[in-house]
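Asker: Dropping in protein_14.pdb, with PDB, C-alpha atoms.
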```
ATOM      1  CA  MET A   1    -112.075 -68.020-118.839
ATOM      2  CA  ILE A   2    -115.376 -66.467-119.902
ATOM      3  CA  ARG A   3    -113.437 -63.826-121.807
ATOM      4  CA  SER A   4    -111.373 -66.433-123.632
ATOM      5  CA  LEU A   5    -114.554 -68.393-124.496
ATOM      6  CA  TRP A   6    -116.094 -65.202-125.840
ATOM      7  CA  ASN A   7    -113.005 -64.613-127.969
ATOM      8  CA  VAL A   8    -113.266 -68.003-129.684
ATOM      9  CA  LEU A   9    -116.826 -67.301-130.865
ATOM     10  CA  PRO A  10    -116.755 -66.645-134.601
ATOM     11  CA  GLY A  11    -118.286 -63.849-136.604
ATOM     12  CA  PRO A  12    -119.305 -60.267-135.972
ATOM     13  CA  LEU A  13    -120.621 -59.038-132.623
ATOM     14  CA  PRO A  14    -124.365 -59.693-133.224
ATOM     15  CA  LEU A  15    -123.645 -63.247-134.310
ATOM     16  CA  ARG A  16    -121.440 -63.758-131.273
ATOM     17  CA  ILE A  17    -124.198 -62.538-128.980
ATOM     18  CA  VAL A  18    -126.702 -64.917-130.543
ATOM     19  CA  ALA A  19    -124.249 -67.817-130.362
ATOM     20  CA  ALA A  20    -123.430 -67.034-126.729
ATOM     21  CA  ALA A  21    -127.129 -66.837-125.829
ATOM     22  CA  ALA A  22    -127.802 -70.160-127.555
ATOM     23  CA  ILE A  23    -124.937 -71.822-125.696
ATOM     24  CA  VAL A  24    -126.155 -70.447-122.355
ATOM     25  CA  ILE A  25    -129.707 -71.682-123.009
ATOM     26  CA  VAL A  26    -128.498 -75.152-123.981
ATOM     27  CA  LEU A  27    -126.321 -75.304-120.856
ATOM     28  CA  LEU A  28    -129.199 -74.190-118.631
ATOM     29  CA  VAL A  29    -131.555 -76.787-120.113
ATOM     30  CA  ALA A  30    -128.902 -79.489-119.690
ATOM     31  CA  LEU A  31    -128.345 -78.323-116.122
ATOM     32  CA  PHE A  32    -132.089 -78.455-115.480
ATOM     33  CA  PHE A  33    -132.311 -82.078-116.582
ATOM     34  CA  PHE A  34    -129.167 -82.955-114.650
ATOM     35  CA  TYR A  35    -130.602 -81.397-111.478
ATOM     36  CA  ASP A  36    -133.857 -83.234-112.108
ATOM     37  CA  TRP A  37    -132.112 -86.581-112.439
ATOM     38  CA  LEU A  38    -129.892 -85.898-109.431
ATOM     39  CA  GLY A  39    -132.829 -84.972-107.199
ATOM     40  CA  ASN A  40    -135.036 -87.830-108.345
ATOM     41  CA  THR A  41    -132.259 -90.358-107.869
ATOM     42  CA  PHE A  42    -130.663 -89.342-104.598
ATOM     43  CA  LEU A  43    -132.775 -86.757-102.813
ATOM     44  CA  ASP A  44    -136.426 -87.702-103.175
ATOM     45  CA  THR A  45    -137.479 -90.546-105.432
ATOM     46  CA  GLY A  46    -141.173 -89.967-104.887
ATOM     47  CA  GLY A  47    -141.569 -92.390-102.027
ATOM     48  CA  THR A  48    -142.402 -95.485-104.030
ATOM     49  CA  VAL A  49    -141.555 -98.906-102.652
ATOM     50  CA  GLY A  50    -140.291-101.978-104.378
TER      51      GLY A  50
ATOM     52  CA  MET B  51     -82.629 -45.084-108.664
ATOM     53  CA  ALA B  52     -86.293 -46.103-108.944
ATOM     54  CA  SER B  53     -87.491 -47.621-112.216
ATOM     55  CA  PRO B  54     -90.126 -45.623-114.150
ATOM     56  CA  PRO B  55     -93.784 -46.753-113.787
ATOM     57  CA  THR B  56     -95.166 -48.915-116.622
ATOM     58  CA  ASP B  57     -98.691 -49.929-117.752
ATOM     59  CA  GLU B  58     -97.756 -53.606-117.844
ATOM     60  CA  GLN B  59     -99.341 -55.717-115.110
ATOM     61  CA  PRO B  60     -97.056 -58.103-113.306
ATOM     62  CA  VAL B  61     -97.306 -61.672-114.559
ATOM     63  CA  PRO B  62     -98.831 -63.764-111.754
ATOM     64  CA  GLY B  63     -96.664 -66.514-110.380
ATOM     65  CA  ARG B  64     -97.517 -70.189-110.630
ATOM     66  CA  ILE B  65     -98.847 -70.450-107.090
ATOM     67  CA  THR B  66    -101.023 -67.388-107.606
ATOM     68  CA  ARG B  67    -102.532 -68.914-110.727
ATOM     69  CA  ILE B  68    -103.229 -72.194-108.942
ATOM     70  CA  VAL B  69    -104.891 -70.451-106.014
ATOM     71  CA  ARG B  70    -106.931 -68.310-108.371
ATOM     72  CA  GLY B  71    -108.009 -71.413-110.309
ATOM     73  CA  ILE B  72    -109.054 -73.187-107.127
ATOM     74  CA  GLY B  73    -110.964 -70.093-106.063
ATOM     75  CA  TRP B  74    -112.917 -69.860-109.309
ATOM     76  CA  THR B  75    -113.619 -73.597-109.238
ATOM     77  CA  LEU B  76    -115.027 -73.365-105.718
ATOM     78  CA  ILE B  77    -117.126 -70.335-106.632
ATOM     79  CA  THR B  78    -118.494 -72.176-109.674
ATOM     80  CA  LEU B  79    -119.276 -75.290-107.623
ATOM     81  CA  GLY B  80    -120.988 -73.145-105.008
ATOM     82  CA  ILE B  81    -123.166 -71.478-107.637
ATOM     83  CA  LEU B  82    -124.041 -74.887-109.134
ATOM     84  CA  MET B  83    -124.982 -76.233-105.687
ATOM     85  CA  LEU B  84    -127.104 -73.191-104.926
ATOM     86  CA  GLY B  85    -128.758 -73.698-108.307
ATOM     87  CA  PHE B  86    -129.482 -77.305-107.395
ATOM     88  CA  VAL B  87    -131.070 -76.299-104.097
ATOM     89  CA  ALA B  88    -133.153 -73.636-105.834
ATOM     90  CA  HIS B  89    -134.217 -76.137-108.482
ATOM     91  CA  GLN B  90    -135.252 -78.763-105.952
ATOM     92  CA  LEU B  91    -137.081 -76.432-103.604
ATOM     93  CA  TRP B  92    -138.684 -73.873-105.870
ATOM     94  CA  VAL B  93    -138.510 -74.879-109.519
ATOM     95  CA  THR B  94    -139.973 -78.360-108.947
ATOM     96  CA  ASP B  95    -142.534 -76.820-106.602
ATOM     97  CA  PHE B  96    -143.588 -74.356-109.301
ATOM     98  CA  PHE B  97    -144.060 -77.084-111.908
ATOM     99  CA  ALA B  98    -145.981 -79.370-109.516
ATOM    100  CA  LYS B  99    -148.392 -76.657-108.442
ATOM    101  CA  ARG B 100    -148.949 -75.575-112.012
ATOM    102  CA  ALA B 101    -149.684 -79.202-112.933
ATOM    103  CA  GLN B 102    -152.070 -79.499-109.973
ATOM    104  CA  SER B 103    -154.071 -76.568-111.241
ATOM    105  CA  GLY B 104    -154.590 -78.328-114.572
ATOM    106  CA  LEU B 105    -155.345 -81.654-112.894
ATOM    107  CA  GLU B 106    -158.060 -80.108-110.729
ATOM    108  CA  THR B 107    -159.830 -78.905-113.857
ATOM    109  CA  GLN B 108    -159.371 -82.283-115.503
ATOM    110  CA  LEU B 109    -160.667 -84.058-112.379
ATOM    111  CA  ALA B 110    -163.822 -81.961-112.365
ATOM    112  CA  GLY B 111    -164.538 -83.350-115.817
ATOM    113  CA  ARG B 112    -164.387 -86.851-114.368
ATOM    114  CA  SER B 113    -167.575 -86.200-112.413
ATOM    115  CA  GLY B 114    -169.444 -87.021-115.604
ATOM    116  CA  VAL B 115    -168.128 -90.581-115.507
ATOM    117  CA  SER B 116    -170.767 -93.096-114.433
ATOM    118  CA  PRO B 117    -169.821 -95.516-111.686
ATOM    119  CA  GLU B 118    -169.909 -99.224-112.305
ATOM    120  CA  VAL B 119    -171.996-101.236-109.886
ATOM    121  CA  VAL B 120    -171.040-104.750-108.828
ATOM    122  CA  VAL B 121    -172.200-107.190-106.197
ATOM    123  CA  TYR B 122    -169.393-107.889-103.740
ATOM    124  CA  ASP B 123    -169.089-110.756-101.310
ATOM    125  CA  PRO B 124    -166.791-109.878 -98.377
ATOM    126  CA  ALA B 125    -166.659-113.550 -97.358
ATOM    127  CA  THR B 126    -164.928-114.592-100.574
ATOM    128  CA  GLY B 127    -163.574-111.264-101.776
ATOM    129  CA  GLN B 128    -165.169-111.905-105.145
ATOM    130  CA  SER B 129    -167.401-109.592-107.066
ATOM    131  CA  SER B 130    -169.754-109.899-109.974
ATOM    132  CA  ASP B 131    -169.352-108.323-113.354
ATOM    133  CA  PRO B 132    -170.841-104.828-113.543
ATOM    134  CA  ILE B 133    -174.609-104.991-113.342
ATOM    135  CA  PRO B 134    -177.220-102.630-114.773
ATOM    136  CA  TRP B 135    -178.527 -99.870-112.530
ATOM    137  CA  THR B 136    -180.770 -96.855-112.642
ATOM    138  CA  THR B 137    -181.005 -93.706-110.610
ATOM    139  CA  GLY B 138    -183.759 -93.566-107.991
ATOM    140  CA  SER B 139    -185.963 -90.590-107.192
ATOM    141  CA  ASN B 140    -183.458 -89.332-104.587
ATOM    142  CA  GLY B 141    -180.485 -89.833-106.859
ATOM    143  CA  GLU B 142    -179.562 -93.105-105.254
ATOM    144  CA  ILE B 143    -178.313 -96.092-107.233
ATOM    145  CA  VAL B 144    -180.969 -98.739-107.871
ATOM    146  CA  PRO B 145    -179.201-101.870-109.102
ATOM    147  CA  ASP B 146    -180.675-104.767-110.989
ATOM    148  CA  VAL B 147    -179.242-107.640-108.973
ATOM    149  CA  SER B 148    -181.145-110.393-110.749
ATOM    150  CA  SER B 149    -178.043-111.575-112.592
ATOM    151  CA  ALA B 150    -175.623-111.323-109.680
ATOM    152  CA  GLY B 151    -177.131-113.443-106.944
ATOM    153  CA  GLN B 152    -174.679-116.325-107.405
ATOM    154  CA  PHE B 153    -171.860-114.232-105.950
ATOM    155  CA  ILE B 154    -173.438-114.078-102.562
ATOM    156  CA  THR B 155    -172.821-116.729 -99.927
ATOM    157  CA  GLY B 156    -175.309-117.218 -97.150
ATOM    158  CA  ASP B 157    -178.742-115.761 -96.730
ATOM    159  CA  VAL B 158    -177.987-112.208 -97.790
ATOM    160  CA  ASP B 159    -179.884-109.875-100.065
ATOM    161  CA  PRO B 160    -177.633-109.025-103.058
ATOM    162  CA  GLY B 161    -179.012-105.523-102.829
ATOM    163  CA  ASP B 162    -177.095-105.143 -99.563
ATOM    164  CA  ARG B 163    -173.824-106.041-101.249
ATOM    165  CA  ILE B 164    -173.644-103.305-103.828
ATOM    166  CA  LEU B 165    -170.245-101.836-104.439
ATOM    167  CA  ARG B 166    -169.587 -98.735-106.531
ATOM    168  CA  ARG B 167    -166.569 -98.873-108.768
ATOM    169  CA  GLU B 168    -164.938 -96.454-111.146
ATOM    170  CA  PRO B 169    -162.932 -97.039-114.285
ATOM    171  CA  VAL B 170    -159.183 -96.729-113.798
ATOM    172  CA  PRO B 171    -157.990 -93.607-115.606
ATOM    173  CA  ASP B 172    -155.035 -93.618-117.972
ATOM    174  CA  ALA B 173    -151.576 -93.245-116.434
ATOM    175  CA  GLY B 174    -150.978 -89.666-115.436
ATOM    176  CA  ASP B 175    -154.652 -88.728-115.415
ATOM    177  CA  PRO B 176    -156.312 -87.521-112.199
ATOM    178  CA  LEU B 177    -158.153 -90.039-110.061
ATOM    179  CA  GLY B 178    -159.344 -88.211-106.967
ATOM    180  CA  THR B 179    -158.356 -85.865-104.184
ATOM    181  CA  ILE B 180    -156.694 -86.792-100.922
ATOM    182  CA  ARG B 181    -157.448 -84.514 -97.978
ATOM    183  CA  ILE B 182    -155.899 -84.618 -94.516
ATOM    184  CA  PRO B 183    -157.176 -81.612 -92.579
ATOM    185  CA  ASP B 184    -154.941 -82.295 -89.562
ATOM    186  CA  ILE B 185    -151.858 -81.398 -91.595
ATOM    187  CA  GLY B 186    -153.494 -79.111 -94.146
ATOM    188  CA  LEU B 187    -152.945 -81.530 -97.006
ATOM    189  CA  GLN B 188    -155.060 -81.471-100.154
ATOM    190  CA  TRP B 189    -153.692 -82.863-103.422
ATOM    191  CA  THR B 190    -155.122 -84.223-106.608
ATOM    192  CA  VAL B 191    -153.844 -87.780-107.057
ATOM    193  CA  VAL B 192    -152.962 -89.168-110.465
ATOM    194  CA  GLU B 193    -152.934 -92.732-111.683
ATOM    195  CA  GLY B 194    -149.420 -94.185-111.688
ATOM    196  CA  VAL B 195    -146.199 -93.762-109.740
ATOM    197  CA  SER B 196    -143.670 -93.231-112.497
ATOM    198  CA  ARG B 197    -141.283 -90.309-112.149
ATOM    199  CA  ALA B 198    -143.353 -88.342-114.636
ATOM    200  CA  ASP B 199    -146.575 -89.105-112.725
ATOM    201  CA  LEU B 200    -145.184 -88.084-109.359
ATOM    202  CA  LYS B 201    -143.854 -84.802-110.688
ATOM    203  CA  ASN B 202    -147.482 -83.674-110.853
ATOM    204  CA  GLY B 203    -148.477 -84.696-107.347
ATOM    205  CA  ALA B 204    -149.187 -87.882-105.454
ATOM    206  CA  GLY B 205    -149.791 -91.046-107.468
ATOM    207  CA  HIS B 206    -151.846 -94.189-107.050
ATOM    208  CA  MET B 207    -149.795 -97.361-107.370
ATOM    209  CA  PRO B 208    -151.104 -99.517-110.231
ATOM    210  CA  ASP B 209    -151.947-103.120-109.378
ATOM    211  CA  THR B 210    -153.354-102.020-106.041
ATOM    212  CA  PRO B 211    -157.089-101.343-105.633
ATOM    213  CA  LEU B 212    -158.365 -97.827-106.095
ATOM    214  CA  PRO B 213    -159.161 -95.975-102.865
ATOM    215  CA  GLY B 214    -162.716 -96.655-101.776
ATOM    216  CA  GLN B 215    -162.448-100.284-102.895
ATOM    217  CA  PRO B 216    -161.756-103.472-100.912
ATOM    218  CA  GLY B 217    -158.088-104.227-100.257
ATOM    219  CA  ASN B 218    -155.005-102.073 -99.867
ATOM    220  CA  ALA B 219    -154.860 -98.950-102.015
ATOM    221  CA  VAL B 220    -151.357 -97.464-102.109
ATOM    222  CA  VAL B 221    -150.624 -93.812-102.809
ATOM    223  CA  SER B 222    -147.071 -92.440-103.035
ATOM    224  CA  GLY B 223    -145.806 -88.880-103.039
ATOM    225  CA  HIS B 224    -142.714 -86.730-102.790
ATOM    226  CA  ARG B 225    -141.585 -85.639 -99.345
ATOM    227  CA  THR B 226    -139.454 -82.597-100.172
ATOM    228  CA  THR B 227    -139.646 -81.808-103.883
ATOM    229  CA  TYR B 228    -142.342 -81.340-106.542
ATOM    230  CA  GLY B 229    -144.630 -79.561-104.149
ATOM    231  CA  ALA B 230    -143.812 -82.055-101.387
ATOM    232  CA  PRO B 231    -147.374 -83.410-101.093
ATOM    233  CA  PHE B 232    -146.449 -85.802 -98.278
ATOM    234  CA  ASN B 233    -144.010 -83.530 -96.475
ATOM    235  CA  GLU B 234    -145.875 -83.607 -93.171
ATOM    236  CA  ILE B 235    -147.372 -87.074 -93.042
ATOM    237  CA  ASP B 236    -144.805 -87.918 -90.350
ATOM    238  CA  GLU B 237    -146.990 -85.802 -88.048
ATOM    239  CA  LEU B 238    -150.015 -88.064 -88.488
ATOM    240  CA  GLN B 239    -151.118 -89.860 -85.363
ATOM    241  CA  PRO B 240    -153.365 -92.902 -84.950
ATOM    242  CA  GLY B 241    -156.937 -91.656 -85.088
ATOM    243  CA  ASP B 242    -156.304 -88.849 -87.593
ATOM    244  CA  LEU B 243    -158.700 -88.854 -90.511
ATOM    245  CA  ILE B 244    -157.844 -89.069 -94.199
ATOM    246  CA  PHE B 245    -160.525 -88.246 -96.766
ATOM    247  CA  TRP B 246    -160.536 -89.575-100.293
ATOM    248  CA  ASP B 247    -162.797 -87.631-102.644
ATOM    249  CA  SER B 248    -163.710 -89.382-105.863
ATOM    250  CA  PRO B 249    -165.888 -87.469-108.309
ATOM    251  CA  VAL B 250    -167.303 -90.814-109.429
ATOM    252  CA  ILE B 251    -168.013 -92.822-106.279
ATOM    253  CA  GLY B 252    -168.036 -90.153-103.553
ATOM    254  CA  THR B 253    -166.010 -89.541-100.404
ATOM    255  CA  HIS B 254    -164.498 -92.305 -98.307
ATOM    256  CA  THR B 255    -162.977 -91.731 -94.891
ATOM    257  CA  TYR B 256    -159.978 -93.542 -93.482
ATOM    258  CA  VAL B 257    -158.533 -93.429 -89.992
ATOM    259  CA  VAL B 258    -154.776 -93.613 -89.423
ATOM    260  CA  THR B 259    -153.781 -96.740 -87.537
ATOM    261  CA  GLU B 260    -150.000 -96.850 -87.732
ATOM    262  CA  SER B 261    -146.877 -95.198 -89.153
ATOM    263  CA  ILE B 262    -143.693 -97.136 -89.784
ATOM    264  CA  ILE B 263    -140.297 -96.630 -91.388
ATOM    265  CA  VAL B 264    -139.090 -99.317 -93.761
ATOM    266  CA  ALA B 265    -136.481 -99.955 -96.422
ATOM    267  CA  PRO B 266    -137.270 -98.743 -99.950
ATOM    268  CA  THR B 267    -137.552-102.387-101.004
ATOM    269  CA  ALA B 268    -140.287-103.245 -98.467
ATOM    270  CA  LEU B 269    -142.838-104.206-101.063
ATOM    271  CA  TRP B 270    -144.835-106.084 -98.424
ATOM    272  CA  VAL B 271    -146.464-102.804 -97.358
ATOM    273  CA  THR B 272    -148.461-102.997-100.596
ATOM    274  CA  ASP B 273    -149.708-106.530 -99.929
ATOM    275  CA  PRO B 274    -153.477-107.104-100.069
ATOM    276  CA  ARG B 275    -155.359-106.691 -96.796
ATOM    277  CA  ASP B 276    -158.807-107.649 -95.611
ATOM    278  CA  GLY B 277    -161.237-104.756 -95.403
ATOM    279  CA  GLY B 278    -160.466-101.368 -96.916
ATOM    280  CA  TRP B 279    -157.077 -99.697 -96.485
ATOM    281  CA  LEU B 280    -155.239 -96.653 -97.716
ATOM    282  CA  THR B 281    -151.455 -96.832 -97.477
ATOM    283  CA  LEU B 282    -149.375 -93.690 -97.986
ATOM    284  CA  THR B 283    -145.666 -93.960 -98.775
ATOM    285  CA  THR B 284    -143.011 -91.269 -99.026
ATOM    286  CA  CYS B 285    -139.261 -90.801 -98.658
ATOM    287  CA  ASN B 286    -137.639 -90.676 -95.239
ATOM    288  CA  PRO B 287    -135.894 -88.757 -93.750
ATOM    289  CA  GLU B 288    -136.501 -85.463 -95.487
ATOM    290  CA  PHE B 289    -134.009 -84.748 -98.288
ATOM    291  CA  SER B 290    -133.063 -88.406 -98.482
ATOM    292  CA  ALA B 291    -134.263 -91.496-100.342
ATOM    293  CA  ARG B 292    -132.640 -93.827 -97.797
ATOM    294  CA  GLU B 293    -135.896 -95.101 -96.232
ATOM    295  CA  ARG B 294    -139.645 -94.972 -96.674
ATOM    296  CA  LEU B 295    -142.204 -93.573 -94.269
ATOM    297  CA  VAL B 296    -145.403 -95.581 -94.524
ATOM    298  CA  VAL B 297    -148.764 -94.590 -93.042
ATOM    299  CA  PHE B 298    -151.553 -97.167 -92.844
ATOM    300  CA  ALA B 299    -155.159 -95.999 -92.628
ATOM    301  CA  GLU B 300    -158.290 -98.108 -92.395
ATOM    302  CA  LEU B 301    -161.600 -97.408 -94.105
ATOM    303  CA  VAL B 302    -164.313 -96.325 -91.688
ATOM    304  CA  ASP B 303    -166.905 -94.485 -93.728
ATOM    305  CA  GLY B 304    -168.141 -93.843 -97.248
ATOM    306  CA  PRO B 305    -170.586 -95.227 -99.792
ATOM    307  CA  ASN B 306    -168.738 -98.547-100.064
ATOM    308  CA  ALA B 307    -167.746 -98.872 -96.401
ATOM    309  CA  PRO B 308    -170.767-100.869 -95.145
ATOM    310  CA  VAL B 309    -170.248-103.517 -97.819
ATOM    311  CA  ILE B 310    -166.462-103.684 -97.518
ATOM    312  CA  LEU B 311    -166.601-103.789 -93.733
ATOM    313  CA  ASP B 312    -169.531-106.213 -93.849
ATOM    314  CA  THR B 313    -171.569-104.179 -91.368
TER     315      THR B 313
END
```
Show this structure as C-alpha cells.
Answerer:
Amino acid sequence: MIRSLWNVLPGPLPLRIVAAAAIVIVLLVALFFFYDWLGNTFLDTGGTVG
Amino acid sequence: MASPPTDEQPVPGRITRIVRGIGWTLITLGILMLGFVAHQLWVTDFFAKRAQSGLETQLAGRSGVSPEVVVYDPATGQSSDPIPWTTGSNGEIVPDVSSAGQFITGDVDPGDRILRREPVPDAGDPLGTIRIPDIGLQWTVVEGVSRADLKNGAGHMPDTPLPGQPGNAVVSGHRTTYGAPFNEIDELQPGDLIFWDSPVIGTHTYVVTESIIVAPTALWVTDPRDGGWLTLTTCNPEFSARERLVVFAELVDGPNAPVILDT
C-alpha cells in the first residue's frame, strides 16, 4: 500500500520526497491532536467536577 | 516432465490476500495504539514538565505583587474593602483599620481580624505551589481548570476561594497524564499535611481529613464550607474518567489561619 501511495505522488524524485515528508508531518500532527482529544475525553479529563 | 523455472511470482489467492490485509490492518492498529500509549504517558508528561519549568519562573515574578489587606469577620463571613497598610520594622503588615471597623461584630479589635488577600491571576497564569511531602508532590498551580490550563499542571477552580482564604478552595489535576500531578493522592491519609505556598500571602498548611470517590457530576464537593478548606479532585480509577477521587483538607496554620479559624 505504501508503495502504491508513493507511486501516485507526482513529479520528480526530490519533489516526491518533499511531498511525502509533508504528508507524513500533517498526518503526525493530526494524530497528535486526535490522541490528545481521545485521552482528554476518555482517559483522564483532568479531574474536574461538574 | 517438469516445467522450466520462471521469474514470475505466483499470484496470491483471494483468501491469502484477505488474510494479508487483515494482518496489515492489525499491525497498523497495534502501532497506532502503542503510539497512543506513548503519547499519553510520555509526550503529555514532557509538555507538562516543560510548562512547569516556565511557570515556576513566572511564579517567582509574582512575589513582587503586594497583598491586599481586608478586615474579615468570621461570624458573618463578610470582609471589608481593601484597606491601606504599611510595612512595620520587622516586615510585618501594619493595617490602617480606621475605615473598616463596621465589619466587626462584637467587642473585637479590627486589628485582630486582618486577612491577607492576593489578586486572582489571569486564567492559565501561576497562582502558587502545592506541596505534599508524604507523597513527594510539588506542582505549580495555575488559575483555571480548562483543558488548556490543566495541561500545564494542577489548576485552581474559578469561583472558589483562593487557597489561604476562607471557604472551600478547589484544585484539580490529572491523575495519569500531563505529568500526573495528582497520581498518588489516593495514598493520602487523614492527618497528612498539604502545604500551599503563595509568593504573595505566604504558606498555609492544611491537614487531610477525608478522601472520597464520587461521580464526575458531584459538584457539591465544591460547595462553600465554614473555616478554611482545600479540596483536591482528580480522575478515578487510574486511566479512567469514570469517577472522581476527592481529598478534603482543613486549614490549620498560616498567616490567615488565626482569623479564618477565629482563634
Asker: I'd like the interatomic distance between CA of Pro240 (chain B) and CA of Ala299 (chain B), to a tenth of an Å.
Answerer: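 Taking CA of Pro240 (chain B) and CA of Ala299 (chain B), their separation equals 8.5 Å.
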Asker: Let me know the residues the PyMOL selection byres ((chain B and resi 285) around 9) catches in the file above, as a PyMOL selection string.
Answerer: (chain A and resi 43-48) or (chain B and resi 223-226+232-233+266+283-284+286-296)
Asker: Suppose a student applies the ChimeraX specification (/B :<12) & /A to this structure; what residues should they get, written as a PyMOL selection string?
Answerer: chain A and resi 1-2+27-29+31-50
Asker: Would you list the residues near (-149.2, -75.9, -110.2) (no more than 12 Å away, in the coordinates of the file, using all atoms listed in the file) as a PyMOL selection string?
Answerer: chain B and resi 92-107+189-190+201-203+228-229+231
Asker: What residues come out when you apply the PyMOL selection byres ((chain B and resi 131) around 8) to this file, written as a list in words?
Answerer: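 With the PyMOL selection byres ((chain B and resi 131) around 8) on this model, the match is Val120, Val121, Ser129, Ser130, Pro132, Ile133 and Ala150 of chain B.
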Asker: Residues at most 9 Å from region 209-213 of chain B, counting only C-alpha atoms, excluding those fewer than 6 positions away in the same chain, as a count of residues only?
Answerer: 17
Asker: If I take CA of Glu260 (chain B) and CA of Leu301 (chain B), how far is one from the other in Å, to one decimal?
Answerer: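 Value for the CA of Glu260 (chain B)-CA of Leu301 (chain B) distance: 13.2 Å.
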Asker: Rounded to one decimal in Å, what is the spacing between CA of Thr137 (chain B) and CA of Arg112 (chain B)?
Answerer: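 Those two atoms sit 18.4 Å apart.
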Asker: Would you pick out the contacts of Pro124 (chain B) at 9 Å or less, using only C-alpha atoms, so that residues sharing its chain but fewer than 5 positions from it are not included, and give the list as a VMD selection string?
Answerer: chain B and resid 129 154 163 216 276 to 277 309 to 312
Asker: Mind listing whatever residues come within 10 Å of the point (-150.8, -84.6, -91.9)? Use all atoms listed in the file, file coordinates, and give them as a list in words.
Answerer: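 Checked against the point, the hits come out as Arg181, Ile182, Pro183, Asp184, Ile185, Gly186, Leu187, Gln188, Pro231, Phe232, Asn233, Glu234, Ile235, Asp236, Glu237, Leu238, Gln239, Asp242, Leu243 and Ile244 of chain B.
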